[in-house]
Amino acid sequence: MYDCIVIGAGVAGAVAARKLAEEADKKVLIVERRKHIAGNCYDVADDYGILIHEYGPHIFHTNLEEVYEFFSRFTDWYAFGHEVVAKVGEELIPVPFNLNTLHMVYDKEKADRLEQKLIVTYGEGSRVPIMKLRENEDADVREIAQYVYENVFLKYTMKQWGQKPEEISPEVTGRVPVLISYDNRYFQDKYQGVPKDGFTPMFEKMLDHKNIEVMLDTDCRELLSFAENQIYFKGEPFNGEVIYTGALDELFDCRFGRLPYRSLDFHFEHLDEDSYQGHSVVNYTVSEDFTRITEFKYLTGQLDAKGTTIVKEYPFAYTGAEGEIPYYAILNEENEALYQRYKELVSGMKNFHLLGRLAEYKYYNIDAMAKKAMELAEELQK
Ligand code: FAD
Ligand code: UDP
């Protein structure tokens with residue numbers, strides 16, 4: 001009855017399903033355990049009519065033309081250059097730390113001198129990861145590195161990961177490099193913004209295809225089982241392609257122990273005032289227990305809405321308890337080795353494919369995830 005079964009209706013599952021359905025005329029069943037599609041990109045109007053991102057703020061950004069074009073088939077965009085500020089003392093300073101930030105932190109004479117030094121050392125427009133900047137032996141550069149380390153990275157990273165910047169994968173802090181430019185944007189990608197009517201309607205259009213059926217509120221473990229490299233769907237052998245975008249350890253009852261993840265508690269508040277912080281995202285890099293506050297109207301462009309809704313993010317170690325969501329894989333050798341043990345359990349099933357931030361235990365942005373899904377769907381058509 002189905003040619004393919006896709007587990008999960010997030011970016012990975014939805015993009016792969018659409019491609020297989022329309023390019024290869026495959027009959028695709030998507031099984032999603034939540035009550036909605038769109039995975040962690042899901043957005044919905046709250047009780048006050050403000051569009052909120054239930055699983056944390058999501059901004060689409062990419063340099064990948066094919067991904068931008070693919071999504072643009074299903075949505076128009078509210079395009080903007082996403083800017084973030086960090087609250088340091090009473091000041092709001094641009095993050096990533098850039099030359100504007102440098103001039104806010106130091107007096108003019110010193111900032112001018114340091115700016116020249118950074119440009120000579122790294123080149124105008126370059127992006128320098130904080131852990132690289134800290135290795136520089138020049139006293140001036142070290143001073144900047146120390147300022148950025150202490151005021152931007154140390155406490156935020158301790159909250160987010162429960163570890164110091166030097167203890168986590170450099171790939172993670174490298175996502176927010178020091179910018180040797182006056183660009184205040186968080187991302188430097190060509191395309192950035194959010195779908196004009198929200199992410200969920202974009203996913204609805206993507207999945208609106210005669211060959212796609214979506215089954216919500218259903219855990220795939222109710223339908224799928226495995227024995228001796230054979231996949232069973234409702235107890236019958238299934239020889240079509242299966243794409244799995246959930247956590248790999250869960251599929252095997254965590255038999256080797258749980259894959260470690262960081263999770264987040266989102267505290268939403270609606271305020272009877274038209275503006276709370278005047279910015280879409282303020283990072284709390286030296287104080288508070290939460291990492292950041294998002295004020296949605298500045299993210300979605302609902303600037304005329306009455307009142308405002310904000311969300312605070314409180315990180316914690318995922319335990320697998322009911323209701324917790326694994327958001328971030330914790331990238332290190334030990335966890336990767338554990339992941340590989342689980343991966344071996346499925347390596348003999350040639351029609352079973354791991355795709356997604358959970359299933360691949362990787363740190364993907366939306367665009368990279370979409371690209372990976374497009375590639376897998378193309379591969380499966382050969
Ligand atoms: P998901 O969106 O997690 O989808 C997986 C789906 O599978 C879920 O819906 C889940 O319910 C379902 N599922 C799992 N197990 C089962 C099962 N057993 N049975 C049935 N269904 C199952 N990226 C950006 O590009 N820009 C951003 O601004 C950005 N902000 C982010 C903010 C936060 C707080 C987080 C956590 C991530 C952010 N990301 C951002 C990353 C982005 O969320 C991911 O790239 C994207 O969601 C990955 O899609 P996915 O399909 O792999 O995962
Ligand atoms: N980070 C930080 N301070 C900031 C912003 C980021 O310390 O103001 C660090 C932190 O460790 C974070 C990582 O850089 O987890 C990556 O930040 P990014 O904004 O890319 O995280 P995400 O959007 O994935 O939560």
# chains A, B, ... in the order shown; residues from 1 in each chain; ligands from 1
$ closest_atom_pairs --of "range 160-257 of chain A" --to "range 320-340 of chain A" --cutoff "9 Å" --atoms "only C-alpha atoms" --output "CSV"
residue,atom,partner,partner_atom,distance
A:Trp161,CA,A:Ile330,CA,8.1
A:Ile168,CA,A:Leu331,CA,7.4
A:Ser169,CA,A:Leu331,CA,6.0
A:Glu171,CA,A:Leu331,CA,8.8
A:Val172,CA,A:Leu331,CA,8.6
A:Ala247,CA,A:Pro326,CA,8.3
A:Leu248,CA,A:Tyr339,CA,7.8
A:Asp249,CA,A:Tyr339,CA,7.8
A:Phe256,CA,A:Leu338,CA,7.6
A:Gly257,CA,A:Leu338,CA,8.3
$ residues_near_ligand --ligand "ligand 2" --cutoff "9 Å" --atoms "only C-alpha atoms and all ligand atoms" --output "ChimeraX atom specification"
/A:56-58,84-86,95-97,149,151-161,163-165,168,171-177,186,282-285,291-292,328,363-365
$ closest_atom_pairs --of "chain A" --to "ligand 1" --cutoff "8 Å" --atoms "only C-alpha atoms and all ligand atoms" --output "tab-separated table"
residue	atom	partner	partner_atom_place_in_ligand_line	distance
A:Ile7	CA	ligand 1	21 (N)	5.2
A:Gly8	CA	ligand 1	7 (O)	3.2
A:Ala9	CA	ligand 1	9 (O)	5.2
A:Gly10	CA	ligand 1	51 (O)	3.6
A:Val11	CA	ligand 1	51 (O)	4.0
A:Ala12	CA	ligand 1	51 (O)	3.7
A:Gly13	CA	ligand 1	51 (O)	5.6
A:Ala14	CA	ligand 1	51 (O)	7.4
A:Val31	CA	ligand 1	20 (C)	5.3
A:Glu32	CA	ligand 1	21 (N)	3.7
A:Arg33	CA	ligand 1	20 (C)	4.0
A:Arg34	CA	ligand 1	11 (O)	5.0
A:His36	CA	ligand 1	9 (O)	7.7
A:Ile37	CA	ligand 1	9 (O)	6.4
A:Ala38	CA	ligand 1	9 (O)	6.3
A:Gly39	CA	ligand 1	9 (O)	3.4
A:Asn40	CA	ligand 1	2 (O)	3.9
A:Cys41	CA	ligand 1	47 (O)	5.6
A:Tyr55	CA	ligand 1	34 (C)	5.8
A:Gly56	CA	ligand 1	34 (C)	4.1
A:Pro57	CA	ligand 1	32 (C)	5.3
A:His58	CA	ligand 1	28 (O)	3.4
A:Ile59	CA	ligand 1	28 (O)	3.8
A:Phe60	CA	ligand 1	25 (O)	5.0
A:His61	CA	ligand 1	25 (O)	6.0
A:Thr62	CA	ligand 1	25 (O)	7.9
A:Asp217	CA	ligand 1	20 (C)	7.8
A:Thr218	CA	ligand 1	20 (C)	5.9
A:Asp219	CA	ligand 1	19 (N)	3.7
A:Cys220	CA	ligand 1	19 (N)	4.0
A:Arg221	CA	ligand 1	18 (N)	5.9
A:Tyr244	CA	ligand 1	7 (O)	7.9
A:Thr245	CA	ligand 1	7 (O)	5.3
A:Gly246	CA	ligand 1	14 (C)	3.6
A:Ala247	CA	ligand 1	15 (N)	6.0
A:Glu250	CA	ligand 1	18 (N)	7.3
A:Leu251	CA	ligand 1	18 (N)	7.0
A:Ser263	CA	ligand 1	36 (C)	8.0
A:Leu264	CA	ligand 1	34 (C)	7.4
A:Tyr327	CA	ligand 1	36 (C)	4.5
A:Tyr328	CA	ligand 1	36 (C)	6.2
A:Leu355	CA	ligand 1	52 (O)	6.8
A:Gly356	CA	ligand 1	52 (O)	3.3
A:Arg357	CA	ligand 1	52 (O)	3.9
A:Leu358	CA	ligand 1	52 (O)	5.9
A:Ala359	CA	ligand 1	52 (O)	7.4
A:Tyr363	CA	ligand 1	45 (O)	7.2
A:Tyr364	CA	ligand 1	45 (O)	4.6
A:Asn365	CA	ligand 1	25 (O)	3.6
A:Ile366	CA	ligand 1	25 (O)	3.6
A:Asp367	CA	ligand 1	25 (O)	5.8
A:Ala368	CA	ligand 1	45 (O)	7.3
A:Met369	CA	ligand 1	45 (O)	5.6
A:Ala370	CA	ligand 1	49 (O)	8.0
$ residues_around --residues "Leu376 in chain A" --least-positions-apart "6" --cutoff "10 Å" --atoms "only C-alpha atoms" --output "list of chain:residue names"
A:Ala12, A:Val15, A:Ala16, A:Lys19, A:Leu20, A:Ile243, A:His353, A:Leu354, A:Leu355, A:Ala370
$ write_last_selection --atoms "N, CA, C and O atoms" --output "short mmCIF file (atom, residue, chain, number, x, y, z; two decimals), in the first residue's frame"
data_model
loop_
_atom_site.label_atom_id
_atom_site.label_comp_id
_atom_site.auth_asym_id
_atom_site.auth_seq_id
_atom_site.Cartn_x
_atom_site.Cartn_y
_atom_site.Cartn_z
N ALA A 12 13.42 17.23 8.22
CA ALA A 12 14.01 16.06 7.56
C ALA A 12 12.92 15.21 6.90
O ALA A 12 12.97 14.92 5.70
N VAL A 15 10.66 17.19 4.05
CA VAL A 15 11.34 17.47 2.77
C VAL A 15 11.54 16.15 1.99
O VAL A 15 11.26 16.07 0.79
N ALA A 16 11.99 15.12 2.70
CA ALA A 16 12.23 13.84 2.02
C ALA A 16 10.91 13.29 1.46
O ALA A 16 10.86 12.82 0.31
N LYS A 19 9.74 15.16 -1.75
CA LYS A 19 10.56 14.83 -2.92
C LYS A 19 10.22 13.44 -3.45
O LYS A 19 10.08 13.24 -4.66
N LEU A 20 10.10 12.48 -2.55
CA LEU A 20 9.81 11.11 -2.99
C LEU A 20 8.42 11.02 -3.61
O LEU A 20 8.20 10.33 -4.60
N ILE A 243 12.41 5.85 6.31
CA ILE A 243 13.30 6.94 6.76
C ILE A 243 12.92 7.27 8.19
O ILE A 243 11.77 7.59 8.49
N HIS A 353 16.80 4.07 6.76
CA HIS A 353 17.70 5.21 6.62
C HIS A 353 17.57 6.17 7.79
O HIS A 353 16.45 6.58 8.13
N LEU A 354 18.70 6.54 8.36
CA LEU A 354 18.70 7.49 9.48
C LEU A 354 18.89 8.90 8.93
O LEU A 354 19.84 9.16 8.18
N LEU A 355 17.99 9.78 9.28
CA LEU A 355 18.05 11.14 8.75
C LEU A 355 17.57 12.09 9.84
O LEU A 355 16.54 11.85 10.48
N ALA A 370 17.54 20.27 5.45
CA ALA A 370 16.75 20.15 4.21
C ALA A 370 17.62 19.60 3.08
O ALA A 370 17.21 18.73 2.31
#
$ select_by_dssp --residues "range 142-346 of chain A" --states "alpha helix (DSSP H)" --output "ChimeraX atom specification"
/A:142-148,155-161,170-173,199-207,248-251,297-300,333-346
$ residues_around --residues "Lys27 in chain A" --least-positions-apart "3" --cutoff "7 Å" --atoms "only C-alpha atoms" --output "list in words"
Tyr2, Asp3, Cys4, Ala21, Asn211 and Ile212 of chain A
$ select_by_dssp --residues "range 158-323 of chain A" --states "strand (DSSP E)" --output "ChimeraX atom specification"
/A:178-179,191-195,212-215,224-227,230-233,236-238,241-244,261-271,281-283,292-295,308-317
$ closest_residue --among "A:Ser126, A:Thr309, A:Gln277, A:Thr75" --to "Met202 in chain A" --atoms "only C-alpha atoms"
A:Thr75
$ closest_residue --among "A:Phe290, A:Phe70, A:Tyr314, A:Phe199" --to "His53 in chain A" --atoms "only C-alpha atoms"
A:Phe199
$ closest_residue --among "A:Glu236, A:Glu23, A:Tyr68, A:Ile5" --to "Lys382 in chain A" --atoms "only C-alpha atoms"
A:Glu23
$ atom_distance --atom1 "CA of Tyr182 in chain A" --atom2 "CA of Thr294 in chain A"
23.5 Å
$ closest_residue --among "A:Glu273, A:Val346, A:Glu109, A:Phe74" --to "Pro201 in chain A" --atoms "only C-alpha atoms"
A:Phe74
